[in-house]
Structure formats: C-alpha cells, structure tokens
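Heads up, data-v3.txt below (compact mmCIF, C-alpha atoms):
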# COMPACT_ATOMS: atom_id res chain seq x y z
CA MET A 13 127.57 98.68 70.41
CA ALA A 14 124.06 97.61 69.39
CA SER A 15 121.76 100.25 67.95
CA VAL A 16 118.69 101.32 69.89
CA GLU A 17 116.47 99.91 67.12
CA SER A 18 117.90 96.43 67.71
CA LEU A 19 116.89 96.43 71.37
CA PRO A 20 113.64 94.81 72.56
CA VAL A 21 110.50 96.61 73.65
CA ALA A 22 110.19 95.97 77.38
CA VAL A 23 106.68 95.08 78.51
CA ILE A 24 106.14 95.26 82.28
CA GLY A 25 103.54 92.75 83.45
CA ALA A 26 102.49 89.33 82.11
CA GLY A 27 98.77 89.74 82.58
CA PRO A 28 96.24 89.79 79.73
CA VAL A 29 97.23 93.25 78.47
CA GLY A 30 100.97 92.69 78.81
CA LEU A 31 100.86 89.44 76.86
CA ALA A 32 98.58 91.07 74.28
CA ALA A 33 101.18 93.82 73.88
CA ALA A 34 103.81 91.18 73.17
CA ALA A 35 101.58 89.51 70.58
CA HIS A 36 100.92 92.79 68.78
CA LEU A 37 104.59 93.76 68.85
CA LEU A 38 105.51 90.44 67.23
CA GLU A 39 102.96 91.00 64.48
CA ARG A 40 104.62 94.36 63.83
CA GLY A 41 108.07 92.81 63.54
CA LEU A 42 109.26 94.17 66.89
CA GLU A 43 110.98 92.13 69.59
CA PRO A 44 109.11 92.07 72.94
CA LEU A 45 110.55 91.14 76.31
CA VAL A 46 107.91 90.64 79.01
CA LEU A 47 108.97 91.15 82.64
CA GLU A 48 106.68 89.71 85.31
CA ALA A 49 107.29 90.25 89.03
CA GLY A 50 105.29 87.17 90.02
CA PRO A 51 106.36 83.55 89.65
CA THR A 52 103.95 82.88 86.75
CA VAL A 53 101.99 84.68 84.10
CA GLY A 54 98.71 86.11 85.40
CA SER A 55 100.04 86.24 88.95
CA ALA A 56 97.66 89.01 90.00
CA ILE A 57 94.61 87.30 88.50
CA ARG A 58 95.43 84.14 90.44
CA LYS A 59 94.79 86.14 93.63
CA TRP A 60 91.15 86.56 92.61
CA GLY A 61 90.70 83.37 90.62
CA HIS A 62 87.55 82.52 92.58
CA ILE A 63 85.75 85.58 91.18
CA ARG A 64 83.56 85.26 88.11
CA LEU A 65 83.86 88.12 85.63
CA PHE A 66 80.76 89.95 84.48
CA SER A 67 82.16 90.30 80.95
CA THR A 68 81.98 87.29 78.64
CA TRP A 69 84.94 85.64 76.93
CA LYS A 70 84.15 87.78 73.90
CA TYR A 71 85.47 90.85 75.70
CA ASN A 72 88.44 89.10 77.34
CA LEU A 73 90.30 87.72 74.32
CA ASP A 74 92.79 89.82 72.37
CA PRO A 75 92.71 89.26 68.58
CA ALA A 76 96.49 89.13 68.08
CA SER A 77 96.82 86.73 71.01
CA VAL A 78 94.08 84.52 69.58
CA ARG A 79 95.90 84.39 66.24
CA LEU A 80 99.03 83.15 68.02
CA LEU A 81 97.08 80.57 69.99
CA GLU A 82 95.22 79.21 66.98
CA ARG A 83 98.51 78.43 65.26
CA SER A 84 99.16 76.00 68.12
CA GLY A 85 95.77 74.31 67.79
CA TRP A 86 94.09 76.16 70.65
CA GLU A 87 90.29 76.25 70.66
CA ALA A 88 88.59 79.37 71.97
CA PRO A 89 86.10 79.11 74.85
CA ARG A 90 82.43 79.74 74.15
CA PRO A 91 82.29 83.51 73.55
CA THR A 92 79.12 84.03 75.60
CA ALA A 93 80.39 82.18 78.70
CA LEU A 94 81.41 84.09 81.83
CA PRO A 95 84.88 82.99 82.92
CA TYR A 96 86.28 82.87 86.42
CA GLY A 97 89.62 84.55 87.00
CA SER A 98 91.22 81.12 87.30
CA GLN A 99 89.91 80.21 83.83
CA ILE A 100 91.40 83.36 82.31
CA VAL A 101 94.76 82.06 83.51
CA SER A 102 94.40 78.34 82.77
CA ASP A 103 92.44 78.52 79.52
CA TYR A 104 94.00 81.61 77.96
CA LEU A 105 97.12 83.12 79.54
CA GLU A 106 99.02 79.90 80.23
CA PRO A 107 98.48 78.51 76.69
CA LEU A 108 99.38 81.92 75.25
CA ALA A 109 102.62 82.10 77.24
CA ALA A 110 103.46 78.56 76.09
CA THR A 111 103.25 79.35 72.36
CA PRO A 112 106.59 79.02 70.55
CA GLU A 113 106.51 82.74 69.74
CA LEU A 114 106.18 83.93 73.36
CA LYS A 115 107.70 81.14 75.44
CA GLY A 116 111.26 82.48 75.31
CA ARG A 117 110.25 86.12 75.55
CA ILE A 118 108.75 86.09 79.06
CA ARG A 119 110.77 86.37 82.25
CA THR A 120 108.90 85.62 85.46
CA GLY A 121 110.22 86.42 88.92
CA ALA A 122 111.61 89.65 87.44
CA ARG A 123 110.44 92.69 89.38
CA VAL A 124 111.15 96.04 87.74
CA LEU A 125 112.59 98.37 90.38
CA ALA A 126 113.09 101.43 88.18
CA VAL A 127 112.89 102.71 84.61
CA THR A 128 115.13 105.51 83.37
CA ARG A 129 117.21 106.52 80.33
CA GLN A 130 120.71 105.15 80.02
CA GLY A 131 123.19 107.70 81.31
CA MET A 132 120.51 110.32 81.97
CA ASP A 133 118.56 111.45 84.98
CA LYS A 134 115.18 113.13 84.70
CA GLY A 135 116.66 116.60 84.32
CA ARG A 136 118.83 115.96 81.28
CA SER A 137 117.30 116.79 77.89
CA LEU A 138 120.04 116.81 75.26
CA GLY A 139 119.87 113.56 73.29
CA ARG A 140 117.21 112.16 75.60
CA ASP A 141 114.84 110.83 72.94
CA GLU A 142 117.65 108.88 71.27
CA ALA A 143 118.95 107.23 74.46
CA PRO A 144 117.75 103.68 75.24
CA PHE A 145 115.67 102.98 78.30
CA LEU A 146 117.41 101.31 81.22
CA LEU A 147 115.41 98.99 83.46
CA ARG A 148 116.73 97.83 86.82
CA ILE A 149 115.32 94.41 87.72
CA GLU A 150 115.33 92.33 90.88
CA HIS A 151 115.14 88.60 90.23
CA ASP A 152 113.96 85.82 92.50
CA GLY A 153 116.84 85.13 94.83
CA GLY A 154 117.74 88.80 95.16
CA GLU A 155 120.04 89.30 92.18
CA VAL A 156 119.70 92.76 90.61
CA THR A 157 120.48 93.28 86.92
CA GLU A 158 119.90 95.95 84.30
CA LEU A 159 118.76 95.74 80.70
CA LEU A 160 118.29 98.17 77.85
CA ALA A 161 115.13 98.63 75.76
CA ARG A 162 114.12 100.72 72.77
CA ALA A 163 110.68 101.40 74.28
CA VAL A 164 108.69 100.52 77.40
CA ILE A 165 105.03 99.55 77.84
CA ASP A 166 104.05 99.50 81.51
CA ALA A 167 101.09 97.12 81.83
CA SER A 168 101.86 96.12 85.41
CA GLY A 169 98.35 96.90 86.70
CA THR A 170 97.43 98.21 90.14
CA TRP A 171 96.69 95.06 92.14
CA THR A 172 99.67 95.43 94.47
CA THR A 173 98.73 98.96 95.53
CA PRO A 174 95.16 98.99 96.93
CA ALA A 175 93.82 102.28 98.19
CA PRO A 176 93.83 102.79 101.97
CA LEU A 177 90.65 102.74 104.04
CA GLY A 178 91.10 106.29 105.27
CA SER A 179 88.72 108.68 103.52
CA SER A 180 91.34 111.44 103.27
CA GLY A 181 93.58 109.43 100.99
CA LEU A 182 95.84 108.31 103.82
CA PRO A 183 95.67 105.08 105.80
CA ALA A 184 93.18 105.48 108.62
CA LEU A 185 94.69 105.87 112.07
CA GLY A 186 95.41 102.37 113.32
CA GLU A 187 95.03 100.84 109.84
CA PRO A 188 98.62 99.52 109.55
CA GLU A 189 98.27 97.78 112.92
CA ALA A 190 94.92 96.26 111.93
CA ARG A 191 96.38 94.96 108.69
CA ALA A 192 99.37 93.50 110.51
CA ALA A 193 96.99 91.72 112.88
CA GLY A 194 95.16 90.14 109.93
CA LEU A 195 91.89 91.89 110.75
CA VAL A 196 91.95 93.81 107.46
CA THR A 197 92.06 91.35 104.55
CA GLY A 198 93.27 91.63 100.99
CA PRO A 199 90.97 93.29 98.42
CA LEU A 200 89.16 90.16 97.16
CA PRO A 201 89.47 87.26 99.61
CA ASP A 202 87.69 83.97 99.00
CA VAL A 203 85.14 84.25 101.80
CA THR A 204 83.89 80.71 101.19
CA ALA A 205 87.28 79.24 102.08
CA GLY A 206 86.81 79.76 105.81
CA GLY A 207 87.28 82.43 108.44
CA PHE A 208 84.07 84.36 107.74
CA ALA A 209 81.23 82.00 108.68
CA GLY A 210 79.64 82.95 111.99
CA ARG A 211 81.53 86.24 112.08
CA ARG A 212 80.73 89.90 111.53
CA THR A 213 82.40 91.37 108.45
CA LEU A 214 82.45 94.92 107.12
CA VAL A 215 83.01 95.53 103.40
CA VAL A 216 84.19 99.04 102.52
CA GLY A 217 83.71 100.34 98.97
CA ALA A 218 81.06 101.06 96.35
CA GLY A 219 82.41 99.41 93.21
CA HIS A 220 82.02 96.01 91.58
CA SER A 221 84.67 94.47 93.81
CA ALA A 222 82.73 95.50 96.90
CA ALA A 223 79.50 94.19 95.39
CA ASN A 224 81.08 90.80 94.79
CA MET A 225 82.36 90.61 98.34
CA VAL A 226 79.02 91.67 99.86
CA LEU A 227 77.08 89.12 97.83
CA ASP A 228 79.57 86.32 98.53
CA LEU A 229 79.30 87.05 102.25
CA ALA A 230 75.50 87.10 102.02
CA ARG A 231 75.64 83.58 100.56
CA VAL A 232 77.87 82.48 103.42
CA ALA A 233 75.40 84.03 105.87
CA ARG A 234 72.47 82.11 104.39
CA ALA A 235 74.25 78.83 105.08
CA ASN A 236 75.78 79.82 108.41
CA PRO A 237 73.54 81.36 111.09
CA GLY A 238 75.24 84.07 113.09
CA THR A 239 77.12 85.48 110.11
CA GLU A 240 76.61 89.24 109.73
CA VAL A 241 77.37 91.36 106.69
CA LEU A 242 77.88 95.12 106.84
CA TRP A 243 78.56 97.31 103.82
CA ALA A 244 79.94 100.84 104.16
CA ILE A 245 80.04 103.44 101.40
CA ARG A 246 81.12 107.08 101.48
CA GLY A 247 78.24 108.30 99.34
CA ALA A 248 74.84 109.30 100.64
CA SER A 249 73.05 106.82 98.37
CA PRO A 250 73.90 103.38 96.96
CA GLU A 251 72.07 104.00 93.66
CA ARG A 252 75.25 104.41 91.67
CA ALA A 253 76.59 101.14 93.10
CA TYR A 254 73.39 99.36 92.04
CA GLY A 255 74.20 100.17 88.40
CA GLY A 256 71.95 100.03 85.39
CA GLY A 257 70.08 96.79 86.07
CA ASN A 258 68.25 95.56 82.99
CA ALA A 259 69.61 98.49 80.96
CA ASP A 260 73.17 97.21 81.31
CA GLU A 261 74.43 95.64 78.08
CA LEU A 262 76.48 93.18 80.15
CA PRO A 263 73.63 91.26 81.81
CA ALA A 264 75.85 89.80 84.54
CA ARG A 265 77.02 93.28 85.51
CA GLY A 266 73.45 94.52 85.69
CA GLN A 267 72.39 91.51 87.74
CA LEU A 268 75.23 92.17 90.18
CA GLY A 269 73.68 95.51 91.14
CA THR A 270 70.16 94.10 91.19
CA ARG A 271 71.14 91.34 93.58
CA LEU A 272 72.99 93.83 95.74
CA ARG A 273 69.88 96.01 96.01
CA THR A 274 67.79 92.98 96.99
CA ALA A 275 70.29 91.96 99.66
CA VAL A 276 70.07 95.42 101.23
CA ASP A 277 66.29 95.74 100.89
CA THR A 278 65.68 92.35 102.52
CA GLY A 279 67.99 93.07 105.43
CA ALA A 280 70.50 90.39 104.51
CA VAL A 281 73.08 93.17 104.36
CA GLN A 282 73.29 96.18 106.66
CA LEU A 283 74.14 99.29 104.63
CA LEU A 284 76.04 102.22 106.16
CA THR A 285 75.92 105.33 103.97
CA GLY A 286 78.02 108.45 104.33
CA PHE A 287 80.63 106.40 106.20
CA HIS A 288 84.05 108.05 106.05
CA THR A 289 86.57 105.85 107.84
CA ALA A 290 88.71 107.86 110.25
CA SER A 291 90.39 105.29 112.50
CA LEU A 292 90.60 101.61 113.35
CA GLU A 293 91.01 100.27 116.85
CA THR A 294 92.32 96.74 117.29
CA ARG A 295 90.99 94.94 120.35
CA GLY A 296 92.27 91.40 120.47
CA ASN A 297 90.53 89.53 117.65
CA THR A 298 88.03 92.27 116.86
CA LEU A 299 88.26 95.64 115.21
CA THR A 300 86.29 98.81 115.90
CA VAL A 301 85.97 101.07 112.89
CA HIS A 302 85.30 104.72 113.66
CA ALA A 303 83.74 107.07 111.12
CA ALA A 304 84.47 110.79 110.90
CA ASP A 305 80.91 111.63 112.06
CA GLY A 306 81.31 109.71 115.32
CA ARG A 307 79.66 106.43 114.34
CA SER A 308 81.48 103.21 115.20
CA VAL A 309 81.04 99.55 114.30
CA THR A 310 82.82 96.59 115.83
CA VAL A 311 83.52 93.67 113.53
CA ASP A 312 85.67 90.57 113.23
CA ARG A 313 87.05 91.41 109.78
CA VAL A 314 87.19 94.31 107.33
CA ILE A 315 87.40 93.72 103.59
CA PRO A 316 88.83 96.83 101.88
CA ALA A 317 87.36 97.22 98.40
CA ALA A 318 87.95 100.93 98.00
CA GLY A 319 89.88 100.77 94.75
CA PHE A 320 93.52 100.78 93.69
CA ARG A 321 96.29 103.20 92.85
CA PRO A 322 99.09 103.02 90.29
CA ASP A 323 102.60 102.46 91.62
CA LEU A 324 104.46 105.35 90.02
CA SER A 325 107.57 105.01 92.18
CA ILE A 326 109.40 102.93 89.59
CA LEU A 327 108.87 105.71 87.04
CA SER A 328 110.24 108.61 89.10
CA GLU A 329 113.11 109.27 86.65
CA LEU A 330 110.81 109.50 83.63
CA ARG A 331 109.02 112.57 82.35
CA LEU A 332 105.30 111.94 82.74
CA ASP A 333 102.27 114.14 82.16
CA LEU A 334 99.43 112.73 84.26
CA ASP A 335 95.98 113.93 85.26
CA PRO A 336 96.38 115.43 88.76
CA ALA A 337 93.27 113.73 90.10
CA VAL A 338 93.24 110.18 88.76
CA GLU A 339 96.94 109.85 87.83
CA ALA A 340 96.09 108.64 84.34
CA PRO A 341 97.54 110.05 81.10
CA LYS A 342 96.32 113.64 81.05
CA ALA A 343 94.05 113.45 78.01
CA LEU A 344 92.41 110.30 79.34
CA GLY A 345 91.83 111.56 82.87
CA PRO A 346 88.69 113.66 82.26
CA LEU A 347 87.03 110.79 80.39
CA ILE A 348 87.38 108.31 83.25
CA ASP A 349 87.29 110.43 86.43
CA PRO A 350 84.43 108.84 88.42
CA ASP A 351 83.62 112.14 90.13
CA PHE A 352 82.62 113.64 86.80
CA HIS A 353 81.85 110.80 84.44
CA SER A 354 80.29 107.38 84.85
CA CYS A 355 79.10 106.42 81.41
CA GLY A 356 79.17 102.88 80.16
CA THR A 357 81.81 103.57 77.54
CA VAL A 358 85.03 105.52 77.18
CA PRO A 359 85.93 106.70 73.67
CA ALA A 360 88.40 104.40 71.93
CA HIS A 361 91.93 105.58 72.53
CA GLY A 362 95.43 104.47 71.77
CA ALA A 363 98.95 105.75 71.34
CA ARG A 364 98.03 109.40 70.83
CA ILE A 365 96.26 109.71 74.16
CA LEU A 366 98.65 107.42 76.01
CA ALA A 367 101.85 109.09 74.76
CA GLN A 368 104.04 110.81 77.35
CA PRO A 369 106.71 113.52 77.26
CA GLU A 370 109.07 110.54 77.64
CA LYS A 371 109.18 109.40 74.02
CA ASP A 372 108.29 105.72 73.45
CA PHE A 373 107.07 105.15 77.00
CA TYR A 374 103.43 104.15 77.48
CA LEU A 375 101.15 103.24 80.35
CA ALA A 376 98.64 100.61 79.27
CA GLY A 377 95.95 98.43 80.78
CA MET A 378 94.59 99.04 84.26
CA LYS A 379 97.60 101.17 85.18
CA SER A 380 96.70 103.62 82.41
CA TYR A 381 93.45 104.32 84.30
CA GLY A 382 95.35 105.39 87.40
CA ARG A 383 92.91 105.60 90.29
CA ALA A 384 89.82 105.36 88.10
CA PRO A 385 87.69 102.17 88.20
CA THR A 386 85.59 100.18 85.69
CA PHE A 387 88.37 99.16 83.32
CA LEU A 388 87.65 96.38 80.81
CA MET A 389 90.32 94.16 79.26
CA ALA A 390 89.06 95.00 75.78
CA THR A 391 90.11 98.60 76.37
CA GLY A 392 93.65 97.50 77.12
CA TYR A 393 93.81 95.28 74.06
CA GLU A 394 92.97 98.19 71.76
CA GLN A 395 95.47 100.38 73.60
CA VAL A 396 98.39 98.03 72.99
CA ARG A 397 97.36 97.33 69.39
CA SER A 398 97.64 101.05 68.73
CA VAL A 399 100.88 101.42 70.70
CA ALA A 400 102.52 98.54 68.80
CA ALA A 401 101.53 100.19 65.52
CA ALA A 402 102.96 103.52 66.66
CA LEU A 403 106.26 101.96 67.72
CA SER A 404 106.54 100.28 64.32
CA GLY A 405 106.07 103.64 62.59
CA ASP A 406 102.57 102.94 61.27
CA THR A 407 100.88 106.11 62.53
CA GLN A 408 97.82 105.55 60.35
CA ALA A 409 97.04 102.23 62.03
CA ALA A 410 97.91 103.67 65.44
CA ASP A 411 95.38 106.46 64.96
CA ALA A 412 92.61 104.17 63.66
CA VAL A 413 91.31 103.25 67.10
CA GLU A 414 88.00 101.43 67.27
CA LEU A 415 86.35 99.89 70.29
CA GLU A 416 82.72 99.23 71.11
CA LEU A 417 82.17 98.65 74.82
CA PRO A 418 78.87 97.57 76.38
CA GLU A 419 76.88 100.34 78.06
CA THR A 420 76.32 100.14 81.80
CA GLY A 421 72.88 101.71 81.65
CA VAL A 422 74.11 104.35 84.10
CA CYS A 423 75.07 107.85 83.10
CA SER A 424 75.79 110.66 85.50
CA THR A 425 77.96 113.72 85.58
CA SER A 426 78.55 116.41 88.15
CA LEU A 427 79.98 118.75 85.56
CA PRO A 428 77.82 121.78 84.64
CA ALA A 429 76.00 121.33 81.35
CA ASP A 430 78.15 123.84 79.48
CA ALA A 431 81.33 122.10 80.63
CA ALA A 432 80.19 118.54 80.15
CA GLY A 433 78.71 119.15 76.73
CA GLU A 434 77.37 115.80 75.58
CA ALA A 435 80.41 113.88 76.74
CA CYS A 436 78.51 111.75 79.22
CA CYS A 437 75.71 110.27 77.16
CA GLY A 438 76.01 111.82 73.74
CA SER A 439 78.89 112.36 71.37
CA PRO A 440 82.29 112.76 73.00
CA VAL A 441 83.68 116.18 73.78
CA PRO A 442 86.51 116.72 71.30
CA VAL A 443 90.01 116.42 72.76
CA THR A 444 93.01 118.01 71.09
CA ILE A 445 96.07 115.82 71.41
CA GLY A 446 99.60 115.69 70.07
CA PHE A 447 101.22 112.42 69.04
CA ALA A 448 104.42 110.82 70.28
CA THR A 449 106.05 114.11 71.15
CA GLY A 450 104.62 113.38 74.57
CA VAL A 451 102.09 116.02 75.41
CA GLU A 452 99.47 113.65 76.72
CA HIS A 453 98.31 111.34 78.65
CA GLY A 454 94.52 94.23 87.92
CA ARG A 455 93.39 91.08 88.60
CA SER A 456 95.05 93.00 85.45
CA GLY A 457 92.43 94.29 83.10
CA GLU A 458 89.17 93.77 84.70
CA SER A 459 91.04 92.35 87.67
CA ALA A 460 89.56 94.18 90.61
CA ARG A 461 86.56 95.52 88.80
CA VAL A 462 84.29 92.51 88.58

Just dump the structure as structure tokens.
Amino acid sequence: MASVESLPVAVIGAGPVGLAAAAHLLERGLEPLVLEAGPTVGSAIRKWGHIRLFSTWKYNLDPASVRLLERSGWEAPRPTALPYGSQIVSDYLEPLAATPELKGRIRTGARVLAVTRQGMDKGRSLGRDEAPFLLRIEHDGGEVTELLARAVIDASGTWTTPAPLGSSGLPALGEPEARAAGLVTGPLPDVTAGGFAGRRTLVVGAGHSAANMVLDLARVARANPGTEVLWAIRGASPERAYGGGNADELPARGQLGTRLRTAVDTGAVQLLTGFHTASLETRGNTLTVHAADGRSVTVDRVIPAAGFRPDLSILSELRLDLDPAVEAPKALGPLIDPDFHSCGTVPAHGARILAQPEKDFYLAGMKSYGRAPTFLMATGYEQVRSVAAALSGDTQAADAVELELPETGVCSTSLPADAAGEACCGSPVPVTIGFATGVEHGRSGESARV
C-alpha cells in the first residue's frame, strides 16, 4: 500500500489560484492533481469574460506560474494593461494548463462531491492526522470515483453559489419562481448581447459587480431609447459603493465609482436606497419586486449582484474552524468582514491563518474569503505560495508572507475605537495564531469583484 507521502496534493478548482497552487507545489517537489468541475480551465471566468478587470496584469499573474510559462516561450502581457476575463483565460490560464509540467496533472469535468478522511467520519480522532484524504468525484457522463490525497487545497471559488436577493439571508418569497422564469439573471450577464435594450432592469447590490452592471446598462440605455436602469442598495447611502475615486491606487477601480456617481447624479440611473428585498411577484414577462418597507418596482429583468457564498457542503465531514459571520478561516474573518472593515488592503497571510483543525486542508482564493467581497487574485497567489511551502515542511518560507495591495482610498469601520485599534487605516491589530495544528482560519480570484 502506498504511503501517504507518495499521494498527490489535490487542488480543487482550475482557476487562477488553483493553477498557481499547482505551480507552487511543483516547485516544492510535491505532486499536484487539479480537479475542475467545468469542461475547461477557467470555467467560471468564462462566464464573465466580457467584463474588464480593474486590476492590471501586474496583479493577475502568479510568479511560479509565470516561471513555468516562460520555459515554454510564453511572453507576458503588458503589465499595465487591464485584461478582460476572456483574456485571463486565453492569454494566461490556457497556456499555463498546456505547459508540459501541468498538462497531465489537470482533470476537467471532475466535480468534487465530498472530501473526507479515508475510513473516518468527522467524529473519529484517533489516527486522523495520519489518514489520507478521500475525495469523491463525479465525472462528465455520471461516473463516480474516489481518489486519495496527502493534502487538499480547496480553491474552487464561490461563483456557483451567488447570494439570494432576500435581505434576510434567504431567497425572497417568489425568488425561485422568478429565476425559473428567467426574469432573474445570472450575476454578471452580458447586457450588450441582447434582451436588455428597451427594457426596464433592476440591479441589486452595492459592490463592484453591481457597479459594472449598472454602468453597462447605462451605456445600453444611451444607445437605445426606452431603456431604464434602476439600482437598489440596502444601505442608506451609496458613498461606500462610489469608492475612493482619485485616491484609489487602482485608477480603473476609482474611475468605476466616479462614473457610477455621475450616472446617478445625471439621472441616467435611478437609485433606490434602503431597499431590502422581501418578495418577488412574477406577472407574465414582468416582475414586481417588493421591499420590506412597502415600496415596489415593476421591471422586466433583475440582475442579482449581491455577492456570493462558499459552498461548504462538500466539506461537511471535515473539521473546520470558520468565522461565524463571513464563513472564512477564523483568524481571517475579522480582517475582511465588510461590516467592520473596508480598507484597501488586508495584511499578507498564508498557511498559518488558513490552517484548519483538519491537518493539511486549506481553503484558498476567493473561497477563503467566504462571504466577504473585494478579493484580489494577488492575495490568492501569496496564499498558495505559503501553503505549498508549509506542505513541503519549509515553515520559514511559509511564514514569510509578503504582499503589497493597492489601497482603495476608502477606509471605514463600525468598530469602536478601542476595539478597532488602528487596524483599519494604521498598523494591523496583532493576531495570535497557531500553525498547522489547525486552530485557525470567482470569476475565481477577482472573478465577481470587478
């Protein structure tokens, strides 16, 4: 029987962070096996390929992945250019997956149904850390198989589990019926492809995804009289959604908020503040959206851009320690919870913060942020670099986490001053963390955050 050390490290998800994990594992002399539910690498990003990222190529390329690519004669895009999602796939992920080192280590059409320990349910402790992981996988065509792994990195993202429209965390009454009727779209539809011109559309959400949708619809409205754009947010003010403007160190991100403000101020977009969706009423080809305060709007389409959630169902037999609010690794949760913290940067973090009670299991990439928004691919790249080092036994390299992210120009906290310390805009509040004993806590990456 093969030893656990001879087994591969299973990486769930073949997006930017998952493939970066594989590249870093190879550099550390470990064998990766990447499992992708979709038919190709970057399957989630392809869903929003029409969206242009606000972060330049500089922040979207992983160093270990670049080293692999350059061995095959690949030339990097201009670092200051802003790529579309489709370019991330065609110019980066597809060439990376085609390198001799990764080509045979990626399985597409392989959906992970569950992760557990071989011969052990969640309640069994004796010998748990030494047992290999067991992954149950459904392949295209319906065949179900199992494989063993020495460690697991879940970089599957959150694209497939968008948050519901209901403001109480549940689908609004009538929401399933409205979705089935096609009146509620996917999170980031291509509104220029048809179906929105001359119609009345409501965008729900206050993040970058919502901003993109609102501005794309406003462009459609300029070219197509009779097109109406409504934007609903739960907050009392849109200021946070407008961002840092000229103070943002990613100019395209700052301009996104500036253009959004202009669209509202000029009347091109009708803003509804304090709008808490309670129910949806389907009437033929139109939809009436009712708010908790009694307001109602009737529209032809609703675009839900209210964020995403991690799918934790496949991990139900693992021992996880997650922040109760954002469902991120516990030590990371307070640093990214949007109700308390909206700074431009999150302190660099790696294996120590991402470690779980389940030894050698890590959440990485967008999924590591749980329900929290504003994830950048560069964050995920540093995460998996550290995790690969930890799995190889190089704790010094794993702990040497460094990452400089561009400031948003926005900083707010609802924590009292004595609790927040200087964590929002000054030096980080110290966090005490254990290592791999497991006491802590996408479009993939920036996928739905642009």

In Å and to one decimal, CA of Pro369 (chain A) is distant from CA of Ile149 (chain A) by 23.4 Å

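Distance annotation: of A:Ala401, A:Ala244, A:Ile315, A:Met132, the residue with the minimal separation from Val203 (chain A) is A:Ile315; atom set is only C-alpha atoms.
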
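Comparing the minimum interatomic distances between Gly247 (chain A) and each of A:Ile57, A:Ala218, A:Val196, A:Ala49, counting all atoms listed in the file, we find that A:Ala218 sits nearest.
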
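You will find CA of Ala93 (chain A) at 22.4 Å from CA of Val53 (chain A).
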
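If only C-alpha atoms are the atoms counted, then among A:Pro89, A:Gly362, A:Gly377, A:Pro237 the closest residue to Gly25 (chain A) is A:Gly377.
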
Go through A:Leu415, A:Met225, A:Met378, A:Leu403 and flag the residue nearest Thr204 (chain A), using only C-alpha atoms for the distances.
A:Met225

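Distances to Pro201 (chain A) were evaluated for A:Leu283, A:Ala317, A:Leu332, A:Ala376 using all atoms listed in the file, and the minimum falls at A:Ala317.
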
Protein/DNA/RNA residues near (111.4, 112.6, 85.0), cut 9 Å, all atoms listed in the file, as a PyMOL selection string:
chain A and resi 128+133-136+327-332+370

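The space separating CA of Glu339 (chain A) from CA of Ala33 (chain A) comes to 21.7 Å.
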
Pick from A:Glu414, A:Asp305, A:Asp312, A:Asp202: nearest to Val241 (chain A), with all atoms listed in the file counted?
A:Asp312

When you look at Gly207 (chain A) with a cut-off of 12 Å (counting all atoms listed in the file), what residues show up, excluding the ones that are within fewer than 5 positions of it in the same chain? I need them as a ChimeraX atom specification.
/A:194-195,197,201-202,212-213,229,232,236,239,312-314

Would you mind listing what lies within 12 Å of Gly50 (chain A) as number ranges by chain, with only C-alpha atoms counted and same-chain residues fewer than 3 positions away left out?
A: 24-27, 46-47, 53-59, 118-124, 150-152, 168, 171-172

Axis-aligned box over every listed atom of region 387-396 of chain A, padded by 6 Å per side: centre and edges in Å to one decimal, as AutoDock Vina command-line options?
--center_x 93.0 --center_y 97.3 --center_z 77.5 --size_x 22.7 --size_y 18.2 --size_z 23.6
